[in-house]
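Take a look at the structure set out below.
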Amino acid sequence: MKNKIKALLRKVPFLAKLKAKYPQYLRTLFSPLRKIGLKNRDFTIISNNCWGGIMYQYYGLEYRSPFIGLFIPMPCYIKLLLNFDTVMAAELSFIEAEQSEYYCKKSDLAGKKYPVGVLPGDIEIHFLHYKTKEEAREKWQKRKTRINKSNMLVKMAEIDFCTKELIEAFDKLPFKNKICYTANYYPDIKSAVLLPQKYTKNGEVLTEWKYNPSSLKAVFNRLKE
């Protein structure tokens, strides 16, 4: 069925344009069917980038996480996870993108304007899909209240200034449910999921949200076990 839909999108120009312009709409179009068999529907996803938001859209679920429409450089992300409760309780402040330690180091961000939040420890939150600081703060605060720590999946990916040492640090974190998408093989990392090459580029993860999202239904259902 999935391959037939993809073939149809390629053949019909209108549908192809619709997919390019409104990916979220098409992503949620079949979410009622995807929910079948998904018994756990109030879980929280902690993610270094948009992956969590896309998974909520895929299954047609409410965002129960503030980690939506943003990315966090991996050194910052690990610092946040190491002191999760303290950092998440802190007030969010903002800086200009040009003041960020990482903004100028990512060539794909050149010319893009978006709010950059900062949490204690110089932890940067890049609100890539938000227009203003006010919008970013309001959504962050609102969704932060929905975090369900007893029903939570923590995800990272080998991207955005990631190193093997940071992956090892992630693997040692005390969170019960962790998943780490990697572009390279790490046999000693228990939480690692090695992605096929088509989802990676130059030794980094590129499109982990495209990798078999339907298989995560079983993962989400096990979070409460």
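Naming scheme: A, B, ... for chains in displayed order of the structure tokens; residues 1 onward per chain; ligands 1 onward as shown.
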
A:Tyr77 environment, 12 Å, only C-alpha atoms, sequence neighbours closer than 5 positions dropped, as a ChimeraX atom specification: /A:46-49,67,70-72,82-84,87-88,118-119,121-126,154-162,166-167,169-170

If you count only C-alpha atoms, which residues fall within 12 Å of A:Glu138, apart from same-chain ones fewer than 6 positions away, as a ChimeraX atom specification? /A:66,91-92,127,130,132,144-145

Any chance you could export the current selection's N, CA, C and O atoms as a PDB file, in the first residue's frame?
ATOM      1  N   PRO A  66       7.851  19.512  24.421  1.00  0.00           N
ATOM      2  CA  PRO A  66       8.227  20.820  23.884  1.00  0.00           C
ATOM      3  C   PRO A  66       9.270  20.730  22.774  1.00  0.00           C
ATOM      4  O   PRO A  66       9.595  21.724  22.133  1.00  0.00           O
ATOM      5  N   GLU A  91      14.122  28.953  33.240  1.00  0.00           N
ATOM      6  CA  GLU A  91      13.513  29.883  32.288  1.00  0.00           C
ATOM      7  C   GLU A  91      14.315  29.924  30.999  1.00  0.00           C
ATOM      8  O   GLU A  91      15.550  29.877  31.011  1.00  0.00           O
ATOM      9  N   LEU A  92      13.614  30.041  29.913  1.00  0.00           N
ATOM     10  CA  LEU A  92      14.234  30.127  28.595  1.00  0.00           C
ATOM     11  C   LEU A  92      14.535  31.581  28.260  1.00  0.00           C
ATOM     12  O   LEU A  92      13.675  32.450  28.395  1.00  0.00           O
ATOM     13  N   PHE A 127      15.055  27.164  17.442  1.00  0.00           N
ATOM     14  CA  PHE A 127      13.642  27.056  17.078  1.00  0.00           C
ATOM     15  C   PHE A 127      13.480  27.330  15.583  1.00  0.00           C
ATOM     16  O   PHE A 127      12.936  28.353  15.167  1.00  0.00           O
ATOM     17  N   TYR A 130      10.008  28.403  13.900  1.00  0.00           N
ATOM     18  CA  TYR A 130       9.235  29.437  14.592  1.00  0.00           C
ATOM     19  C   TYR A 130       9.662  30.805  14.068  1.00  0.00           C
ATOM     20  O   TYR A 130      10.827  31.010  13.721  1.00  0.00           O
ATOM     21  N   THR A 132       8.992  33.938  15.770  1.00  0.00           N
ATOM     22  CA  THR A 132       9.326  34.924  16.793  1.00  0.00           C
ATOM     23  C   THR A 132       9.713  34.265  18.108  1.00  0.00           C
ATOM     24  O   THR A 132       9.362  33.104  18.369  1.00  0.00           O
ATOM     25  N   LYS A 144       5.730  21.990  27.558  1.00  0.00           N
ATOM     26  CA  LYS A 144       6.551  21.463  28.656  1.00  0.00           C
ATOM     27  C   LYS A 144       5.668  20.886  29.761  1.00  0.00           C
ATOM     28  O   LYS A 144       6.048  19.914  30.430  1.00  0.00           O
ATOM     29  N   THR A 145       4.493  21.453  29.957  1.00  0.00           N
ATOM     30  CA  THR A 145       3.587  20.970  31.009  1.00  0.00           C
ATOM     31  C   THR A 145       2.998  19.609  30.669  1.00  0.00           C
ATOM     32  O   THR A 145       2.407  18.959  31.540  1.00  0.00           O
TER      33      THR A 145
END

What does the distance between atom CA of A:Lys142 and atom CA of A:Arg64 come to in Å, to one decimal place?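 Straight-line distance from atom CA of A:Lys142 to atom CA of A:Arg64 works out to 9.6 Å.
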
Which is closer to A:Ile189 than all the others in A:Ser214, A:Leu173, A:Glu204, A:Tyr103, using only C-alpha atoms?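 Of the candidates, the smallest distance to A:Ile189 is held by A:Leu173.
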
Shell of 10 Å around A:Gln197, only C-alpha atoms, local chain residues under 6 positions omitted, as a count of residues only: 6

Quick one: of A:Cys104, A:Trp51, A:Leu194, A:Gln57, who's nearest to A:Arg34, counting only C-alpha atoms?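 Among the listed residues, the smallest separation from A:Arg34 belongs to A:Gln57.
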
Mind the document's chain letters and residue numbers, and return as a PDB file with N, CA, C and O atoms, in the first residue's frame the residues of stretch 13-211 of chain A that DSSP labels strand (DSSP E or B).
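result.pdb was written with the following content:
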ATOM      1  N   THR A  44       5.589  10.786  25.788  1.00  0.00           N
ATOM      2  CA  THR A  44       6.421  11.965  25.519  1.00  0.00           C
ATOM      3  C   THR A  44       7.661  11.537  24.749  1.00  0.00           C
ATOM      4  O   THR A  44       8.293  10.539  25.093  1.00  0.00           O
ATOM      5  N   ILE A  45       7.986  12.300  23.710  1.00  0.00           N
ATOM      6  CA  ILE A  45       9.216  12.085  22.954  1.00  0.00           C
ATOM      7  C   ILE A  45      10.169  13.244  23.230  1.00  0.00           C
ATOM      8  O   ILE A  45       9.818  14.404  23.025  1.00  0.00           O
ATOM      9  N   ILE A  46      11.350  12.921  23.712  1.00  0.00           N
ATOM     10  CA  ILE A  46      12.420  13.907  23.856  1.00  0.00           C
ATOM     11  C   ILE A  46      13.369  13.673  22.683  1.00  0.00           C
ATOM     12  O   ILE A  46      13.892  12.579  22.517  1.00  0.00           O
ATOM     13  N   SER A  47      13.564  14.697  21.859  1.00  0.00           N
ATOM     14  CA  SER A  47      14.335  14.501  20.626  1.00  0.00           C
ATOM     15  C   SER A  47      15.237  15.694  20.360  1.00  0.00           C
ATOM     16  O   SER A  47      14.909  16.827  20.712  1.00  0.00           O
ATOM     17  N   PHE A  71      15.875  22.152  16.592  1.00  0.00           N
ATOM     18  CA  PHE A  71      17.005  21.230  16.714  1.00  0.00           C
ATOM     19  C   PHE A  71      17.936  21.737  17.794  1.00  0.00           C
ATOM     20  O   PHE A  71      17.982  22.932  18.106  1.00  0.00           O
ATOM     21  N   SER A  93      15.776  31.856  27.860  1.00  0.00           N
ATOM     22  CA  SER A  93      16.137  33.182  27.376  1.00  0.00           C
ATOM     23  C   SER A  93      16.491  33.065  25.895  1.00  0.00           C
ATOM     24  O   SER A  93      16.522  31.962  25.350  1.00  0.00           O
ATOM     25  N   PHE A  94      16.766  34.204  25.250  1.00  0.00           N
ATOM     26  CA  PHE A  94      17.021  34.172  23.814  1.00  0.00           C
ATOM     27  C   PHE A  94      18.236  35.020  23.437  1.00  0.00           C
ATOM     28  O   PHE A  94      18.552  36.001  24.110  1.00  0.00           O
ATOM     29  N   ILE A  95      18.896  34.607  22.364  1.00  0.00           N
ATOM     30  CA  ILE A  95      19.993  35.363  21.779  1.00  0.00           C
ATOM     31  C   ILE A  95      19.739  35.494  20.279  1.00  0.00           C
ATOM     32  O   ILE A  95      18.881  34.801  19.718  1.00  0.00           O
ATOM     33  N   VAL A 116      16.685  31.710  18.714  1.00  0.00           N
ATOM     34  CA  VAL A 116      17.599  30.772  19.362  1.00  0.00           C
ATOM     35  C   VAL A 116      17.438  30.918  20.870  1.00  0.00           C
ATOM     36  O   VAL A 116      17.750  31.964  21.438  1.00  0.00           O
ATOM     37  N   GLY A 117      16.912  29.893  21.502  1.00  0.00           N
ATOM     38  CA  GLY A 117      16.742  29.920  22.939  1.00  0.00           C
ATOM     39  C   GLY A 117      17.986  29.415  23.652  1.00  0.00           C
ATOM     40  O   GLY A 117      18.783  28.667  23.075  1.00  0.00           O
ATOM     41  N   VAL A 118      18.135  29.843  24.905  1.00  0.00           N
ATOM     42  CA  VAL A 118      19.287  29.417  25.715  1.00  0.00           C
ATOM     43  C   VAL A 118      18.797  29.013  27.098  1.00  0.00           C
ATOM     44  O   VAL A 118      18.033  29.733  27.740  1.00  0.00           O
ATOM     45  N   LEU A 119      19.257  27.846  27.541  1.00  0.00           N
ATOM     46  CA  LEU A 119      18.983  27.350  28.878  1.00  0.00           C
ATOM     47  C   LEU A 119      20.294  27.305  29.664  1.00  0.00           C
ATOM     48  O   LEU A 119      21.373  27.406  29.074  1.00  0.00           O
ATOM     49  N   ILE A 123      23.126  26.017  26.914  1.00  0.00           N
ATOM     50  CA  ILE A 123      22.434  25.030  26.090  1.00  0.00           C
ATOM     51  C   ILE A 123      21.557  25.758  25.080  1.00  0.00           C
ATOM     52  O   ILE A 123      20.628  26.471  25.454  1.00  0.00           O
ATOM     53  N   GLU A 124      21.857  25.580  23.809  1.00  0.00           N
ATOM     54  CA  GLU A 124      21.138  26.284  22.745  1.00  0.00           C
ATOM     55  C   GLU A 124      19.987  25.441  22.208  1.00  0.00           C
ATOM     56  O   GLU A 124      20.149  24.261  21.916  1.00  0.00           O
ATOM     57  N   ILE A 125      18.828  26.096  22.048  1.00  0.00           N
ATOM     58  CA  ILE A 125      17.659  25.481  21.432  1.00  0.00           C
ATOM     59  C   ILE A 125      17.359  26.289  20.168  1.00  0.00           C
ATOM     60  O   ILE A 125      16.979  27.448  20.248  1.00  0.00           O
ATOM     61  N   HIS A 126      17.538  25.701  19.021  1.00  0.00           N
ATOM     62  CA  HIS A 126      17.336  26.397  17.756  1.00  0.00           C
ATOM     63  C   HIS A 126      15.904  26.150  17.272  1.00  0.00           C
ATOM     64  O   HIS A 126      15.587  25.088  16.740  1.00  0.00           O
ATOM     65  N   MET A 152       8.015   7.818  28.515  1.00  0.00           N
ATOM     66  CA  MET A 152       8.874   8.716  27.745  1.00  0.00           C
ATOM     67  C   MET A 152       9.911   7.946  26.925  1.00  0.00           C
ATOM     68  O   MET A 152      10.500   6.977  27.395  1.00  0.00           O
ATOM     69  N   LEU A 153      10.112   8.407  25.694  1.00  0.00           N
ATOM     70  CA  LEU A 153      11.172   7.887  24.831  1.00  0.00           C
ATOM     71  C   LEU A 153      12.163   9.019  24.562  1.00  0.00           C
ATOM     72  O   LEU A 153      11.765  10.118  24.163  1.00  0.00           O
ATOM     73  N   VAL A 154      13.443   8.746  24.782  1.00  0.00           N
ATOM     74  CA  VAL A 154      14.495   9.740  24.543  1.00  0.00           C
ATOM     75  C   VAL A 154      15.274   9.319  23.306  1.00  0.00           C
ATOM     76  O   VAL A 154      15.815   8.214  23.250  1.00  0.00           O
ATOM     77  N   LYS A 155      15.336  10.206  22.330  1.00  0.00           N
ATOM     78  CA  LYS A 155      15.949   9.884  21.042  1.00  0.00           C
ATOM     79  C   LYS A 155      17.074  10.857  20.716  1.00  0.00           C
ATOM     80  O   LYS A 155      17.009  12.041  21.034  1.00  0.00           O
ATOM     81  N   MET A 156      18.116  10.347  20.079  1.00  0.00           N
ATOM     82  CA  MET A 156      19.155  11.213  19.520  1.00  0.00           C
ATOM     83  C   MET A 156      19.555  10.645  18.171  1.00  0.00           C
ATOM     84  O   MET A 156      19.167   9.532  17.802  1.00  0.00           O
ATOM     85  N   ALA A 157      20.338  11.427  17.424  1.00  0.00           N
ATOM     86  CA  ALA A 157      20.829  10.970  16.124  1.00  0.00           C
ATOM     87  C   ALA A 157      22.245  11.488  15.929  1.00  0.00           C
ATOM     88  O   ALA A 157      22.632  12.517  16.480  1.00  0.00           O
ATOM     89  N   LYS A 178      15.595   4.517  25.415  1.00  0.00           N
ATOM     90  CA  LYS A 178      16.460   5.367  24.599  1.00  0.00           C
ATOM     91  C   LYS A 178      16.635   4.744  23.223  1.00  0.00           C
ATOM     92  O   LYS A 178      16.645   3.524  23.077  1.00  0.00           O
ATOM     93  N   ILE A 179      16.805   5.611  22.229  1.00  0.00           N
ATOM     94  CA  ILE A 179      17.119   5.148  20.888  1.00  0.00           C
ATOM     95  C   ILE A 179      18.070   6.150  20.241  1.00  0.00           C
ATOM     96  O   ILE A 179      17.878   7.352  20.349  1.00  0.00           O
ATOM     97  N   CYS A 180      19.110   5.639  19.619  1.00  0.00           N
ATOM     98  CA  CYS A 180      20.132   6.489  19.004  1.00  0.00           C
ATOM     99  C   CYS A 180      20.329   6.045  17.556  1.00  0.00           C
ATOM    100  O   CYS A 180      20.886   4.970  17.304  1.00  0.00           O
ATOM    101  N   TYR A 181      19.885   6.861  16.626  1.00  0.00           N
ATOM    102  CA  TYR A 181      20.074   6.555  15.212  1.00  0.00           C
ATOM    103  C   TYR A 181      21.480   6.954  14.790  1.00  0.00           C
ATOM    104  O   TYR A 181      21.906   8.090  15.018  1.00  0.00           O
ATOM    105  N   THR A 182      22.194   6.032  14.178  1.00  0.00           N
ATOM    106  CA  THR A 182      23.577   6.306  13.798  1.00  0.00           C
ATOM    107  C   THR A 182      23.810   6.048  12.316  1.00  0.00           C
ATOM    108  O   THR A 182      23.105   5.259  11.673  1.00  0.00           O
ATOM    109  N   ALA A 192      21.929   1.986  20.061  1.00  0.00           N
ATOM    110  CA  ALA A 192      22.175   2.372  18.672  1.00  0.00           C
ATOM    111  C   ALA A 192      21.304   1.599  17.687  1.00  0.00           C
ATOM    112  O   ALA A 192      21.101   0.396  17.823  1.00  0.00           O
ATOM    113  N   VAL A 193      20.810   2.336  16.688  1.00  0.00           N
ATOM    114  CA  VAL A 193      20.115   1.752  15.539  1.00  0.00           C
ATOM    115  C   VAL A 193      20.850   2.253  14.298  1.00  0.00           C
ATOM    116  O   VAL A 193      20.799   3.438  13.965  1.00  0.00           O
ATOM    117  N   LEU A 194      21.562   1.367  13.636  1.00  0.00           N
ATOM    118  CA  LEU A 194      22.334   1.740  12.455  1.00  0.00           C
ATOM    119  C   LEU A 194      21.399   1.883  11.253  1.00  0.00           C
ATOM    120  O   LEU A 194      20.690   0.947  10.880  1.00  0.00           O
ATOM    121  N   THR A 200      21.496   8.451   5.344  1.00  0.00           N
ATOM    122  CA  THR A 200      22.674   9.116   5.885  1.00  0.00           C
ATOM    123  C   THR A 200      23.451   9.824   4.778  1.00  0.00           C
ATOM    124  O   THR A 200      23.206   9.600   3.594  1.00  0.00           O
ATOM    125  N   LYS A 201      24.396  10.666   5.196  1.00  0.00           N
ATOM    126  CA  LYS A 201      25.244  11.362   4.230  1.00  0.00           C
ATOM    127  C   LYS A 201      26.516  11.826   4.931  1.00  0.00           C
ATOM    128  O   LYS A 201      26.458  12.425   6.001  1.00  0.00           O
ATOM    129  N   GLU A 204      26.927  11.101   8.628  1.00  0.00           N
ATOM    130  CA  GLU A 204      25.942  11.631   9.559  1.00  0.00           C
ATOM    131  C   GLU A 204      24.544  11.167   9.163  1.00  0.00           C
ATOM    132  O   GLU A 204      24.269  10.883   7.996  1.00  0.00           O
ATOM    133  N   VAL A 205      23.666  11.127  10.148  1.00  0.00           N
ATOM    134  CA  VAL A 205      22.260  10.824   9.886  1.00  0.00           C
ATOM    135  C   VAL A 205      21.637  12.014   9.168  1.00  0.00           C
ATOM    136  O   VAL A 205      21.897  13.168   9.504  1.00  0.00           O
TER     137      VAL A 205
END

If we count only C-alpha atoms and set the cut-off at 10 Å, which residues sit around A:Tyr211, ignoring sequence neighbours fewer than 3 positions away in its own chain? Please answer as a PyMOL selection string. chain A and resi 181+195-196+198-199+207-208+214-216

To test your reading of the structure, identify every residue in stretch 28-201 of chain A that backbone DSSP assigns to alpha helix (DSSP H), and report it as a VMD selection string. chain A and resid 28 to 29 31 to 34 51 to 59 74 to 82 84 to 89 133 to 144 164 to 172

Write out, as a compact mmCIF listing (two decimals), in the first residue's frame, the residues just selected, with N, CA and C atoms.
# COMPACT_ATOMS: atom_id res chain seq x y z
N THR A 28 -0.38 13.32 7.96
CA THR A 28 -1.44 13.00 8.91
C THR A 28 -2.67 12.39 8.24
N LEU A 29 -2.68 12.35 6.92
CA LEU A 29 -3.85 11.90 6.17
C LEU A 29 -4.28 10.48 6.57
N SER A 31 -3.25 8.91 9.38
CA SER A 31 -2.97 8.66 10.80
C SER A 31 -4.07 7.88 11.52
N PRO A 32 -5.36 8.04 11.16
CA PRO A 32 -6.37 7.21 11.85
C PRO A 32 -6.14 5.73 11.64
N LEU A 33 -5.67 5.34 10.46
CA LEU A 33 -5.38 3.93 10.20
C LEU A 33 -4.13 3.48 10.95
N ARG A 34 -3.14 4.37 11.02
CA ARG A 34 -1.90 4.02 11.71
C ARG A 34 -2.10 3.84 13.21
N TRP A 51 12.24 15.10 14.63
CA TRP A 51 11.80 13.71 14.55
C TRP A 51 10.58 13.45 15.43
N GLY A 52 10.60 13.95 16.64
CA GLY A 52 9.49 13.71 17.56
C GLY A 52 8.19 14.28 17.04
N GLY A 53 8.23 15.52 16.56
CA GLY A 53 7.03 16.14 16.02
C GLY A 53 6.47 15.38 14.84
N ILE A 54 7.35 14.88 13.99
CA ILE A 54 6.92 14.11 12.82
C ILE A 54 6.27 12.80 13.24
N MET A 55 6.79 12.17 14.30
CA MET A 55 6.17 10.94 14.78
C MET A 55 4.78 11.20 15.34
N TYR A 56 4.60 12.30 16.06
CA TYR A 56 3.26 12.65 16.55
C TYR A 56 2.31 12.88 15.38
N GLN A 57 2.78 13.55 14.34
CA GLN A 57 1.95 13.79 13.16
C GLN A 57 1.62 12.49 12.44
N TYR A 58 2.59 11.63 12.34
CA TYR A 58 2.42 10.35 11.63
C TYR A 58 1.28 9.54 12.25
N TYR A 59 1.21 9.57 13.59
CA TYR A 59 0.16 8.81 14.28
C TYR A 59 -1.04 9.68 14.68
N MET A 74 24.30 18.67 19.27
CA MET A 74 24.46 17.51 20.12
C MET A 74 25.21 17.77 21.43
N PRO A 75 26.26 18.58 21.44
CA PRO A 75 26.90 18.86 22.74
C PRO A 75 25.93 19.49 23.73
N CYS A 76 25.05 20.36 23.24
CA CYS A 76 24.04 20.99 24.09
C CYS A 76 22.99 19.97 24.53
N TYR A 77 22.62 19.11 23.62
CA TYR A 77 21.57 18.12 23.91
C TYR A 77 22.00 17.17 25.03
N ILE A 78 23.22 16.71 24.97
CA ILE A 78 23.71 15.81 26.02
C ILE A 78 23.78 16.53 27.36
N LYS A 79 24.20 17.79 27.36
CA LYS A 79 24.21 18.57 28.61
C LYS A 79 22.80 18.69 29.18
N LEU A 80 21.83 18.91 28.30
CA LEU A 80 20.44 19.02 28.75
C LEU A 80 19.98 17.70 29.38
N LEU A 81 20.28 16.60 28.73
CA LEU A 81 19.82 15.29 29.23
C LEU A 81 20.52 14.89 30.52
N LEU A 82 21.76 15.30 30.68
CA LEU A 82 22.51 14.98 31.89
C LEU A 82 21.91 15.63 33.13
N PHE A 84 18.47 16.84 33.23
CA PHE A 84 17.18 17.05 32.60
C PHE A 84 16.21 17.84 33.48
N ASP A 85 15.96 17.40 34.70
CA ASP A 85 14.96 18.05 35.54
C ASP A 85 15.32 19.50 35.85
N THR A 86 16.57 19.74 36.18
CA THR A 86 17.01 21.10 36.52
C THR A 86 16.93 22.03 35.31
N VAL A 87 17.43 21.56 34.19
CA VAL A 87 17.44 22.40 32.99
C VAL A 87 16.02 22.68 32.51
N MET A 88 15.16 21.68 32.51
CA MET A 88 13.80 21.86 32.01
C MET A 88 12.96 22.75 32.92
N ALA A 89 13.37 22.88 34.17
CA ALA A 89 12.64 23.76 35.10
C ALA A 89 13.07 25.21 34.97
N LYS A 133 10.40 35.02 18.95
CA LYS A 133 10.76 34.55 20.29
C LYS A 133 9.50 34.29 21.11
N GLU A 134 8.51 35.15 20.94
CA GLU A 134 7.27 35.02 21.70
C GLU A 134 6.56 33.72 21.38
N GLU A 135 6.50 33.38 20.10
CA GLU A 135 5.87 32.13 19.69
C GLU A 135 6.64 30.93 20.24
N ALA A 136 7.97 30.98 20.11
CA ALA A 136 8.80 29.87 20.58
C ALA A 136 8.64 29.68 22.09
N ARG A 137 8.67 30.77 22.86
CA ARG A 137 8.54 30.68 24.31
C ARG A 137 7.17 30.14 24.70
N GLU A 138 6.11 30.64 24.05
CA GLU A 138 4.75 30.22 24.39
C GLU A 138 4.55 28.73 24.14
N LYS A 139 5.02 28.24 22.98
CA LYS A 139 4.87 26.82 22.66
C LYS A 139 5.73 25.95 23.58
N TRP A 140 6.94 26.39 23.87
CA TRP A 140 7.84 25.64 24.75
C TRP A 140 7.22 25.48 26.13
N GLN A 141 6.73 26.57 26.70
CA GLN A 141 6.15 26.54 28.04
C GLN A 141 4.89 25.69 28.08
N LYS A 142 4.04 25.85 27.08
CA LYS A 142 2.77 25.13 27.05
C LYS A 142 2.99 23.62 26.93
N ARG A 143 3.87 23.24 26.02
CA ARG A 143 4.10 21.81 25.78
C ARG A 143 4.95 21.17 26.87
N LYS A 144 5.73 21.99 27.56
CA LYS A 144 6.55 21.46 28.66
C LYS A 144 5.67 20.89 29.76
N LYS A 164 31.59 10.35 18.75
CA LYS A 164 31.44 9.03 19.37
C LYS A 164 31.33 9.16 20.88
N GLU A 165 32.07 10.10 21.45
CA GLU A 165 32.04 10.30 22.90
C GLU A 165 30.64 10.73 23.36
N LEU A 166 29.98 11.55 22.58
CA LEU A 166 28.63 12.00 22.94
C LEU A 166 27.63 10.85 22.81
N ILE A 167 27.82 10.01 21.82
CA ILE A 167 26.97 8.83 21.67
C ILE A 167 27.15 7.89 22.87
N GLU A 168 28.38 7.72 23.29
CA GLU A 168 28.66 6.88 24.47
C GLU A 168 28.02 7.48 25.72
N ALA A 169 28.09 8.81 25.85
CA ALA A 169 27.48 9.48 27.00
C ALA A 169 25.97 9.30 26.99
N PHE A 170 25.37 9.39 25.80
CA PHE A 170 23.93 9.18 25.68
C PHE A 170 23.55 7.76 26.11
N ASP A 171 24.32 6.80 25.68
CA ASP A 171 24.02 5.40 25.97
C ASP A 171 24.06 5.10 27.47
N LYS A 172 24.83 5.89 28.21
CA LYS A 172 24.97 5.67 29.65
C LYS A 172 23.92 6.41 30.47

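Remark: for A:Asn148, the closest of the candidate residues A:Ala218, A:Leu223, A:Ala97, A:Ala110 is A:Leu223 (distances computed over only C-alpha atoms).
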
Separation of atom CA of A:Ser65 and atom CA of A:Glu96, in Å?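 The value is 24.3 Å.
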
So the first atom is atom CA of A:Phe175 and the second is atom CA of A:Arg146; what is the distance between them in Å, to one decimal place?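 Distance between the two atoms: 17.9 Å.
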
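Restricting the calculation to only C-alpha atoms, the smallest distance between A:Ile68 and any of A:Lys224, A:Cys50, A:Ala90, A:Asp42 is found for A:Cys50.
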